[in-house]
Amino acid sequence: MTTRYLGERIKRNEDPRLLTGQGLYVDDVDLPHMLQAAFLRSPYAHAHIRGLDVSGAKQIKGVVAVITATDLGEYWKPGPLLVSPPPVKDIVFNERTQVPLAKDKVRFAGEPVVMILAEDRYVAEDALAAIQVDYEPLDVVVDMEEALKPGAPLVHDELGSNIAAHVVQTKGDFPSVRKQAEILIKRKFLYEHGIAAAIENRGIVAEWDARSGRLTVWDTTQAPVVIRNGLASMLGLSERQVRVIAPFIGGGFGPKIMMFYQEEVLVPWAAMKLGRPVKWIEDRAENFVATTHERGQVHEAEIALTKEGRILGVQDLFLHDTGAYAPYGLTVPLNSQCTLLGPYDIKNYHSEFTAVFTNKTIVTPYRGAGRQHGVFVIERLLDIAARELRIDRAEIRRRNFIQPHQFPYDNQIIYQDFAPLVYDSGNYEVLLDQALEKIGYRDFIRSEQPRLRLEGRCVGIGLVAYVEGTGIGPYEGAKVQVTSSGRVSVVTGVGTQGQGHFTSFAQVVAEQLGVAVADIDVVTGDTDQFYWGAGTFASRGAVVAGNAVNEAAHEVRGKILRLASQILEAPEEELEITDGVVRVQDVPRLSISLGDLAGKANPTRGAVKPGTEPGLESTRYFGPERGATASGIHAMILEVDRVTLQIKILKYLVVHDCGKVINPLILDGQIHGGVAQGIGNAFYEKLVYDQNGQLLNGTFMDYHLPTSLEVPRIETGHGETLSPLNPMGVKGAGEAGAIPVGPLFAQALEDALSDERFEILEIPLNSNRLWELINKNRMTLTEP
């Protein structure tokens with residue numbers, strides 16, 4: 001019987017290398033005669049540059065070069081727009097992308113102005129202090145609503161306003177059903193900024209070999225192929241002259257899919273100009289202002305319902321803070337707009353967003369990429385509706401779920417991949433029932449919560465639902481090859497940042513080729529090894545690259561059986577591949593190892609039949625028609641200290657449906673990591689700016705991340721509705737843990753403090769903010 005690998009909890013192939021210090025990270029790259037780069041960054045959020053004197057820095061021993069915008073010549077130009085605006089009728093989109101170094105004006109605190117190249121980083125940093133810049137400070141705009149008022153300071157003067165984009169999408173007729181509604185609920189919601197805070201900051205090393213005319217770049221990027229193509233174009237090289245390597249990366253989470261950061265453009269250019277390798281490694285202070293941020297949004301939303309709690313329609317008008325530039329287009333607000341619909345049968349929807357330029361760090365996707373905001377809005381509206389209609393929280397969701405027979409379900413609006421938002425499959429009630437049982441929902445409400453409250457304890461339960469658009473195109477590819485040693489090589493163009501690709505891709509191949517997972521070598525993130533690919537983002541690795549790997553392995557399997565059939569003189573249907581050997585099922589002694597078969601597949605002498613391809617290898621590409629829709633339920637029980645308002649999560653549950661599960665162990669790890677970040681985004685992490693655009697909490701002393709003491713043990717459950725959009729039936733899961741945690745916290749906190757009769761309409765919270773909200777509500781209730 002063929003060995004089965006898919007669905008097994010196999011430990012990760014890559015972990016021994018990482019745990020023994022053998023993993024290569026960008027900062028491990030140490031080349032002879034390498035220069036170190038440092039950047040002078042603007043201390044002002046908005047200012048004209050009236051003068052720049054770098055003569056003092058040039059005199060410092062060990063400084064090799066001082067680069068300003070003027071020194072870049074024709075190389076100085078705005079970066080590319082990574083994602084064009086969607087094909088939505090009457091869209092407004094004002095393209096503004098970042099420049100390598102600020103020239104006449106700075107638009108956010110932390111924008112780079114000068115690059116220093118020196119023999120070591122200490123000298124480079126010291127030289128920054130010798131640079132004199134004459135800044136003329138300008139009025140600053142940091143609040144989205146203020147940015148749209150007449151007379152507001154303009155981030156980009158030539159636009160005449162701070163509007164980056166305006167998009168309206170509708171389905172049905174919300175104004176009509178609004179008139180028919182038996183209950184209308186309208187609220188204003190706030191979702192504020194945060195950061196990804198990856199354990200490894202960004203970094204880049206570049207080396208130019210003039211003899212071979214080759215540029216090699218090591219980069220902490222989630223999209224090495226796209227970086228390769230972009231750098232080749234900018235530097236006037238062919239793509240074959242540029243090699244980009246994305247080695248092991250200590251967390252990506254979205255900001256490392258941003259292209260092109262200023263440093264990514266400048267370091268390779270400097271390496272070519274100076275003829276010496278150049279390294280730049282971001283420090284944590286830089287990371288807070290130079291690496292792109294999570295998004296801030298303000299929503300004014302309204303839901304129309306029947307008295308039975310059936311949703312008639314939803315209207316959502318919201319602002320999206322894009323920061324000083326918008327290189328990533330409208331991916332984040334589009335995700336918010338689309339994900340608000342959730343797993344619910346909403347027939348009438350009006351959504352309108354305005355993306356706003358502010359004097360803050362650029363905003364691009366971060367784990368969830370805007371989905372959190374949409375989920376927060378719809379789940380909070382349903383919670384408020386359930387309370388006003390006296391309907392159980394789980395029941396109001398159940399009544400509005402899309403039913404299995406309704407799939408594929410067309411939402412009639414455009415998604416971030418510019419295709420119609422169509423859910424391919426799902427069974428939401430099954431997930432809800434599993435979650436209710438696992439969390440002990442009914443028993444908690446009926447007996448456990450009343451008992452604990454009699455003891456003076458404030459405990460609450462929360463339960464929310466969500467969908468996640470995953471596995472979008474355009475494509476990924478993979479090459480699978482059986483080598484003469486009997487080991488199998490797998491190469492793909494995606495990068496990896498801890499998702500377990502080295503193991504999950506190996507399991508896909510092992511299922512097809514009957515070899516042990518440990519005997520499969522996976523290479524990712526090296527453009528010399530695989531030429532094409534889009535990157536690792538949007539929960540697409542397993543769906544798009546995984547299916548490319550599967551298709552290539554399937555073709556190799558066919559080649560193995562055909563050649564073995566000739567050599568063993570047995571029909572293909574009577575052969576089996578197991579433990580690296582092809583054998584006749586009923587006559588096991590008639591066999592040949594895959595290594596020997598690979599040698600015979602590449603003869604060095606003799607004639608072959610016309611059309612014969614050498615080797616046991618295949619390269620295949622996979623591109624989905626549209627994204628696959630994952631879904632799930634999060635549930636939580638927490639306790640609040642009545643005096644300090646500190647919280648403790650007593651139980652946390654995720655029931656998720658990502659189609660066919662390749663490796664449950666890796667899937668659980670993905671979910672756990674997402675929940676940890678979701679908890680931080682919900683209750684601990686918030687970037688605070690003052691009115692001058694200065695970040696006030698740009699250290700881990702002031703920006704609070706959850707630790708292992710705050711992140712609870714997380715229980716998981718899995719549903720399985722196979723996606724019809726790919727042969728493996730898989731859906732993505734990379735962002736599932738993070739997406740719905742905000743509304744879950746809000747619901748559970750309101751439940752725990754139900755005697756306070758207050759509403760949580762903002763995220764993130766913390767104990768201080770919770771105290772402010774409660775006391776503000778008490779004052780309101782006591783007013784005459």
# chains A, B, ... in the order shown; residues from 1 in each chain; ligands from 1

$ residues_around --residues "Ile396 of chain A" --least-positions-apart "3" --cutoff "8 Å" --atoms "only C-alpha atoms" --output "MDAnalysis selection string"
chainID A and resid 309:310 382 386 391:393 399:400

$ residues_around --residues "Thr291 of chain A" --least-positions-apart "4" --cutoff "12 Å" --atoms "only C-alpha atoms" --output "VMD selection string"
chain A and resid 109 to 112 194 to 198 200 to 203 220 252 to 264 282 to 287 323 360 to 366

$ residues_around --residues "segment 277-281 of chain A" --least-positions-apart "3" --cutoff "8 Å" --atoms "only C-alpha atoms" --output "list in words"
Asp27, Leu31, Pro32, His33, Met34, Leu35, Gln36, Ala37, Ala38, Leu117, Asn201, Arg202, Gly203, Ile204, Val205, Ala206, Glu207, Trp208, Glu263, Val267, Pro268, Ala270 and Ala271 of chain A

$ atom_distance --atom1 "atom CA of Val655 of chain A" --atom2 "atom CA of Asp383 of chain A"
19.7 Å

$ select_by_dssp --residues "segment 117-201 of chain A" --states "helix (DSSP H, G or I)" --output "PyMOL selection string"
chain A and resi 121-128+144-147+157-159+174-180

$ write_last_selection --atoms "N, CA, C and O atoms" --output "PDB file, in the first residue's frame"
ATOM      1  N   ARG A 121      29.382  49.960  10.759  1.00  0.00           N
ATOM      2  CA  ARG A 121      28.107  50.615  11.085  1.00  0.00           C
ATOM      3  C   ARG A 121      28.306  51.718  12.124  1.00  0.00           C
ATOM      4  O   ARG A 121      27.606  52.734  12.100  1.00  0.00           O
ATOM      5  N   TYR A 122      29.258  51.533  13.037  1.00  0.00           N
ATOM      6  CA  TYR A 122      29.476  52.538  14.068  1.00  0.00           C
ATOM      7  C   TYR A 122      29.920  53.857  13.440  1.00  0.00           C
ATOM      8  O   TYR A 122      29.424  54.939  13.800  1.00  0.00           O
ATOM      9  N   VAL A 123      30.847  53.764  12.492  1.00  0.00           N
ATOM     10  CA  VAL A 123      31.300  54.983  11.815  1.00  0.00           C
ATOM     11  C   VAL A 123      30.150  55.612  11.036  1.00  0.00           C
ATOM     12  O   VAL A 123      29.958  56.836  11.049  1.00  0.00           O
ATOM     13  N   ALA A 124      29.376  54.770  10.359  1.00  0.00           N
ATOM     14  CA  ALA A 124      28.248  55.280   9.573  1.00  0.00           C
ATOM     15  C   ALA A 124      27.252  56.017  10.461  1.00  0.00           C
ATOM     16  O   ALA A 124      26.760  57.103  10.104  1.00  0.00           O
ATOM     17  N   GLU A 125      26.947  55.441  11.610  1.00  0.00           N
ATOM     18  CA  GLU A 125      25.990  56.083  12.522  1.00  0.00           C
ATOM     19  C   GLU A 125      26.555  57.385  13.077  1.00  0.00           C
ATOM     20  O   GLU A 125      25.838  58.389  13.199  1.00  0.00           O
ATOM     21  N   ASP A 126      27.837  57.392  13.421  1.00  0.00           N
ATOM     22  CA  ASP A 126      28.453  58.620  13.929  1.00  0.00           C
ATOM     23  C   ASP A 126      28.424  59.721  12.878  1.00  0.00           C
ATOM     24  O   ASP A 126      28.225  60.907  13.189  1.00  0.00           O
ATOM     25  N   ALA A 127      28.633  59.331  11.616  1.00  0.00           N
ATOM     26  CA  ALA A 127      28.665  60.323  10.543  1.00  0.00           C
ATOM     27  C   ALA A 127      27.315  60.990  10.339  1.00  0.00           C
ATOM     28  O   ALA A 127      27.244  62.140   9.876  1.00  0.00           O
ATOM     29  N   LEU A 128      26.246  60.301  10.675  1.00  0.00           N
ATOM     30  CA  LEU A 128      24.916  60.906  10.530  1.00  0.00           C
ATOM     31  C   LEU A 128      24.809  62.180  11.354  1.00  0.00           C
ATOM     32  O   LEU A 128      24.150  63.152  10.944  1.00  0.00           O
ATOM     33  N   MET A 144      -7.361  61.406  10.197  1.00  0.00           N
ATOM     34  CA  MET A 144      -8.013  61.241   8.894  1.00  0.00           C
ATOM     35  C   MET A 144      -9.162  62.225   8.688  1.00  0.00           C
ATOM     36  O   MET A 144      -9.305  62.813   7.607  1.00  0.00           O
ATOM     37  N   GLU A 145      -9.987  62.374   9.677  1.00  0.00           N
ATOM     38  CA  GLU A 145     -11.144  63.257   9.533  1.00  0.00           C
ATOM     39  C   GLU A 145     -10.714  64.715   9.394  1.00  0.00           C
ATOM     40  O   GLU A 145     -11.276  65.465   8.595  1.00  0.00           O
ATOM     41  N   GLU A 146      -9.676  65.105  10.137  1.00  0.00           N
ATOM     42  CA  GLU A 146      -9.153  66.470  10.017  1.00  0.00           C
ATOM     43  C   GLU A 146      -8.507  66.679   8.649  1.00  0.00           C
ATOM     44  O   GLU A 146      -8.568  67.774   8.084  1.00  0.00           O
ATOM     45  N   ALA A 147      -7.906  65.624   8.105  1.00  0.00           N
ATOM     46  CA  ALA A 147      -7.210  65.730   6.819  1.00  0.00           C
ATOM     47  C   ALA A 147      -8.157  66.078   5.672  1.00  0.00           C
ATOM     48  O   ALA A 147      -7.722  66.628   4.654  1.00  0.00           O
ATOM     49  N   ASP A 157       0.969  68.648  -2.176  1.00  0.00           N
ATOM     50  CA  ASP A 157       0.368  69.946  -2.498  1.00  0.00           C
ATOM     51  C   ASP A 157      -0.331  69.952  -3.853  1.00  0.00           C
ATOM     52  O   ASP A 157      -1.389  70.553  -4.021  1.00  0.00           O
ATOM     53  N   GLU A 158       0.260  69.275  -4.841  1.00  0.00           N
ATOM     54  CA  GLU A 158      -0.266  69.343  -6.197  1.00  0.00           C
ATOM     55  C   GLU A 158      -1.637  68.697  -6.343  1.00  0.00           C
ATOM     56  O   GLU A 158      -2.339  68.942  -7.338  1.00  0.00           O
ATOM     57  N   LEU A 159      -2.060  67.878  -5.367  1.00  0.00           N
ATOM     58  CA  LEU A 159      -3.365  67.218  -5.460  1.00  0.00           C
ATOM     59  C   LEU A 159      -4.515  68.155  -5.099  1.00  0.00           C
ATOM     60  O   LEU A 159      -5.650  67.962  -5.548  1.00  0.00           O
ATOM     61  N   PHE A 174     -29.823  49.146  -0.774  1.00  0.00           N
ATOM     62  CA  PHE A 174     -29.896  49.381   0.673  1.00  0.00           C
ATOM     63  C   PHE A 174     -30.907  50.461   1.045  1.00  0.00           C
ATOM     64  O   PHE A 174     -31.662  50.283   2.014  1.00  0.00           O
ATOM     65  N   PRO A 175     -30.971  51.598   0.345  1.00  0.00           N
ATOM     66  CA  PRO A 175     -31.946  52.624   0.751  1.00  0.00           C
ATOM     67  C   PRO A 175     -33.381  52.099   0.811  1.00  0.00           C
ATOM     68  O   PRO A 175     -34.158  52.480   1.698  1.00  0.00           O
ATOM     69  N   SER A 176     -33.736  51.189  -0.101  1.00  0.00           N
ATOM     70  CA  SER A 176     -35.098  50.653  -0.098  1.00  0.00           C
ATOM     71  C   SER A 176     -35.343  49.756   1.105  1.00  0.00           C
ATOM     72  O   SER A 176     -36.370  49.873   1.789  1.00  0.00           O
ATOM     73  N   VAL A 177     -34.419  48.846   1.382  1.00  0.00           N
ATOM     74  CA  VAL A 177     -34.646  47.922   2.514  1.00  0.00           C
ATOM     75  C   VAL A 177     -34.510  48.648   3.841  1.00  0.00           C
ATOM     76  O   VAL A 177     -35.091  48.213   4.847  1.00  0.00           O
ATOM     77  N   ARG A 178     -33.786  49.728   3.845  1.00  0.00           N
ATOM     78  CA  ARG A 178     -33.686  50.515   5.077  1.00  0.00           C
ATOM     79  C   ARG A 178     -35.064  51.002   5.503  1.00  0.00           C
ATOM     80  O   ARG A 178     -35.387  51.026   6.696  1.00  0.00           O
ATOM     81  N   LYS A 179     -35.868  51.390   4.530  1.00  0.00           N
ATOM     82  CA  LYS A 179     -37.217  51.876   4.828  1.00  0.00           C
ATOM     83  C   LYS A 179     -38.111  50.758   5.372  1.00  0.00           C
ATOM     84  O   LYS A 179     -39.070  51.018   6.106  1.00  0.00           O
ATOM     85  N   GLN A 180     -37.806  49.523   4.987  1.00  0.00           N
ATOM     86  CA  GLN A 180     -38.632  48.388   5.399  1.00  0.00           C
ATOM     87  C   GLN A 180     -38.194  47.795   6.738  1.00  0.00           C
ATOM     88  O   GLN A 180     -38.884  46.949   7.300  1.00  0.00           O
TER      89      GLN A 180
END

$ atom_distance --atom1 "atom CA of Leu421 of chain A" --atom2 "atom CA of Thr629 of chain A"
9.6 Å

$ atom_distance --atom1 "atom CA of Val640 of chain A" --atom2 "atom CA of Cys458 of chain A"
5.4 Å

$ select_by_dssp --residues "segment 292-367 of chain A" --states "strand (DSSP E)" --output "VMD selection string"
chain A and resid 296 to 305 311 to 323 349 to 357

$ write_last_selection --atoms "N, CA and C atoms" --output "compact mmCIF listing (two decimals), in the first residue's frame"
# COMPACT_ATOMS: atom_id res chain seq x y z
N GLY A 296 -5.12 52.24 10.04
CA GLY A 296 -6.14 52.87 10.86
C GLY A 296 -7.37 53.15 10.01
N GLN A 297 -8.55 52.90 10.55
CA GLN A 297 -9.79 53.16 9.83
C GLN A 297 -10.86 53.69 10.79
N VAL A 298 -11.76 54.50 10.23
CA VAL A 298 -12.95 54.97 10.95
C VAL A 298 -14.17 54.59 10.11
N HIS A 299 -15.11 53.85 10.71
CA HIS A 299 -16.29 53.37 9.99
C HIS A 299 -17.55 53.98 10.60
N GLU A 300 -18.45 54.42 9.74
CA GLU A 300 -19.80 54.77 10.15
C GLU A 300 -20.72 53.78 9.45
N ALA A 301 -21.23 52.83 10.22
CA ALA A 301 -21.94 51.69 9.64
C ALA A 301 -23.35 51.59 10.18
N GLU A 302 -24.22 51.05 9.34
CA GLU A 302 -25.63 50.88 9.71
C GLU A 302 -26.11 49.53 9.21
N ILE A 303 -26.88 48.85 10.05
CA ILE A 303 -27.45 47.56 9.67
C ILE A 303 -28.96 47.62 9.81
N ALA A 304 -29.66 47.08 8.82
CA ALA A 304 -31.12 47.01 8.82
C ALA A 304 -31.53 45.56 9.01
N LEU A 305 -32.46 45.30 9.96
CA LEU A 305 -32.86 43.94 10.27
C LEU A 305 -34.37 43.82 10.45
N ILE A 311 -30.82 39.84 8.55
CA ILE A 311 -30.19 41.02 7.97
C ILE A 311 -30.86 41.37 6.64
N LEU A 312 -31.35 42.60 6.55
CA LEU A 312 -31.90 43.08 5.29
C LEU A 312 -30.83 43.79 4.45
N GLY A 313 -29.94 44.48 5.13
CA GLY A 313 -28.90 45.18 4.40
C GLY A 313 -27.93 45.87 5.34
N VAL A 314 -26.80 46.28 4.78
CA VAL A 314 -25.75 46.96 5.56
C VAL A 314 -25.22 48.11 4.73
N GLN A 315 -24.96 49.22 5.41
CA GLN A 315 -24.28 50.35 4.78
C GLN A 315 -23.05 50.68 5.61
N ASP A 316 -21.93 50.91 4.92
CA ASP A 316 -20.69 51.21 5.63
C ASP A 316 -19.94 52.31 4.88
N LEU A 317 -19.72 53.43 5.54
CA LEU A 317 -18.93 54.53 5.00
C LEU A 317 -17.68 54.65 5.86
N PHE A 318 -16.50 54.52 5.25
CA PHE A 318 -15.32 54.53 6.10
C PHE A 318 -14.14 55.26 5.48
N LEU A 319 -13.25 55.69 6.37
CA LEU A 319 -11.99 56.33 6.00
C LEU A 319 -10.86 55.37 6.27
N HIS A 320 -9.87 55.38 5.39
CA HIS A 320 -8.70 54.52 5.53
C HIS A 320 -7.45 55.39 5.51
N ASP A 321 -6.62 55.27 6.53
CA ASP A 321 -5.37 56.03 6.63
C ASP A 321 -4.28 55.28 5.86
N THR A 322 -3.82 55.86 4.75
CA THR A 322 -2.81 55.20 3.94
C THR A 322 -1.40 55.70 4.23
N GLY A 323 -1.28 56.67 5.16
CA GLY A 323 0.03 57.25 5.44
C GLY A 323 0.42 58.25 4.36
N TYR A 349 -26.18 45.89 0.07
CA TYR A 349 -24.95 46.38 0.69
C TYR A 349 -24.49 47.63 -0.04
N HIS A 350 -24.20 48.65 0.71
CA HIS A 350 -23.61 49.87 0.16
C HIS A 350 -22.35 50.16 0.96
N SER A 351 -21.21 50.18 0.27
CA SER A 351 -19.94 50.43 0.95
C SER A 351 -19.19 51.51 0.18
N GLU A 352 -18.68 52.47 0.93
CA GLU A 352 -17.99 53.60 0.32
C GLU A 352 -16.79 53.95 1.20
N PHE A 353 -15.60 53.93 0.61
CA PHE A 353 -14.45 54.32 1.41
C PHE A 353 -13.64 55.42 0.73
N THR A 354 -13.00 56.21 1.58
CA THR A 354 -12.07 57.24 1.15
C THR A 354 -10.72 56.95 1.79
N ALA A 355 -9.72 56.71 0.97
CA ALA A 355 -8.36 56.55 1.47
C ALA A 355 -7.73 57.93 1.59
N VAL A 356 -7.04 58.16 2.71
CA VAL A 356 -6.61 59.52 3.06
C VAL A 356 -5.09 59.53 3.27
N PHE A 357 -4.43 60.50 2.66
CA PHE A 357 -3.01 60.74 2.93
C PHE A 357 -2.86 61.48 4.26

$ closest_atom_pairs --of "segment 569-675 of chain A" --to "segment 430-443 of chain A" --cutoff "7 Å" --atoms "only C-alpha atoms" --output "JSON lines"
{"residue": "A:Gly632", "atom": "CA", "partner": "A:Leu431", "partner_atom": "CA", "distance": 6.5}
{"residue": "A:Ile633", "atom": "CA", "partner": "A:Leu432", "partner_atom": "CA", "distance": 6.3}
{"residue": "A:Ala635", "atom": "CA", "partner": "A:Ile439", "partner_atom": "CA", "distance": 6.8}
{"residue": "A:Leu653", "atom": "CA", "partner": "A:Ile439", "partner_atom": "CA", "distance": 6.8}
{"residue": "A:Val655", "atom": "CA", "partner": "A:Ala435", "partner_atom": "CA", "distance": 6.1}

$ closest_residue --among "A:Asn229, A:Thr604, A:Gln449, A:Asn681" --to "Asp751 of chain A" --atoms "only C-alpha atoms"
A:Gln449

$ closest_atom_pairs --of "segment 12-125 of chain A" --to "segment 331-336 of chain A" --cutoff "12 Å" --atoms "only C-alpha atoms" --output "CSV"
residue,atom,partner,partner_atom,distance
A:Leu81,CA,A:Thr331,CA,11.8
A:Leu82,CA,A:Thr331,CA,10.0
A:Val83,CA,A:Thr331,CA,7.5
A:Ser84,CA,A:Thr331,CA,9.2
A:Pro85,CA,A:Thr331,CA,8.6
A:Pro86,CA,A:Leu334,CA,8.8
A:Pro87,CA,A:Leu334,CA,11.7
A:Val88,CA,A:Leu334,CA,10.8

$ write_last_selection --atoms "all heavy atoms" --output "compact mmCIF listing (two decimals), in the first residue's frame"
# COMPACT_ATOMS: atom_id res chain seq x y z
N LEU A 81 4.09 51.56 -8.55
CA LEU A 81 2.81 51.23 -7.93
C LEU A 81 2.66 49.71 -8.00
O LEU A 81 2.62 49.14 -9.10
CB LEU A 81 1.66 51.92 -8.65
CG LEU A 81 0.26 51.61 -8.12
CD1 LEU A 81 0.07 52.17 -6.72
CD2 LEU A 81 -0.80 52.18 -9.07
N LEU A 82 2.60 49.07 -6.86
CA LEU A 82 2.62 47.60 -6.84
C LEU A 82 1.30 46.99 -7.27
O LEU A 82 1.27 45.95 -7.91
CB LEU A 82 2.97 47.11 -5.43
CG LEU A 82 4.29 47.65 -4.87
CD1 LEU A 82 4.53 47.10 -3.50
CD2 LEU A 82 5.44 47.30 -5.79
N VAL A 83 0.20 47.61 -6.86
CA VAL A 83 -1.12 47.07 -7.17
C VAL A 83 -1.96 48.21 -7.77
O VAL A 83 -2.23 49.21 -7.11
CB VAL A 83 -1.82 46.51 -5.92
CG1 VAL A 83 -3.17 45.90 -6.30
CG2 VAL A 83 -0.94 45.48 -5.23
N SER A 84 -2.35 48.04 -9.00
CA SER A 84 -3.15 49.07 -9.67
C SER A 84 -4.55 49.12 -9.06
O SER A 84 -5.00 48.16 -8.42
CB SER A 84 -3.23 48.79 -11.16
OG SER A 84 -3.79 47.50 -11.39
N PRO A 85 -5.27 50.21 -9.27
CA PRO A 85 -6.63 50.31 -8.71
C PRO A 85 -7.57 49.30 -9.36
O PRO A 85 -7.38 48.92 -10.52
CB PRO A 85 -7.04 51.75 -9.02
CG PRO A 85 -6.15 52.18 -10.12
CD PRO A 85 -4.86 51.45 -9.94
N PRO A 86 -8.59 48.86 -8.64
CA PRO A 86 -9.50 47.84 -9.16
C PRO A 86 -10.43 48.41 -10.21
O PRO A 86 -10.66 49.63 -10.28
CB PRO A 86 -10.28 47.41 -7.92
CG PRO A 86 -10.29 48.64 -7.06
CD PRO A 86 -8.95 49.28 -7.27
N PRO A 87 -11.01 47.55 -11.04
CA PRO A 87 -11.93 48.01 -12.09
C PRO A 87 -13.33 48.28 -11.55
O PRO A 87 -14.30 47.61 -11.89
CB PRO A 87 -11.93 46.84 -13.08
CG PRO A 87 -11.68 45.63 -12.23
CD PRO A 87 -10.74 46.09 -11.14
N VAL A 88 -13.40 49.29 -10.69
CA VAL A 88 -14.68 49.69 -10.08
C VAL A 88 -15.14 50.98 -10.75
O VAL A 88 -14.35 51.92 -10.94
CB VAL A 88 -14.53 49.88 -8.56
CG1 VAL A 88 -15.83 50.42 -7.96
CG2 VAL A 88 -14.13 48.57 -7.90
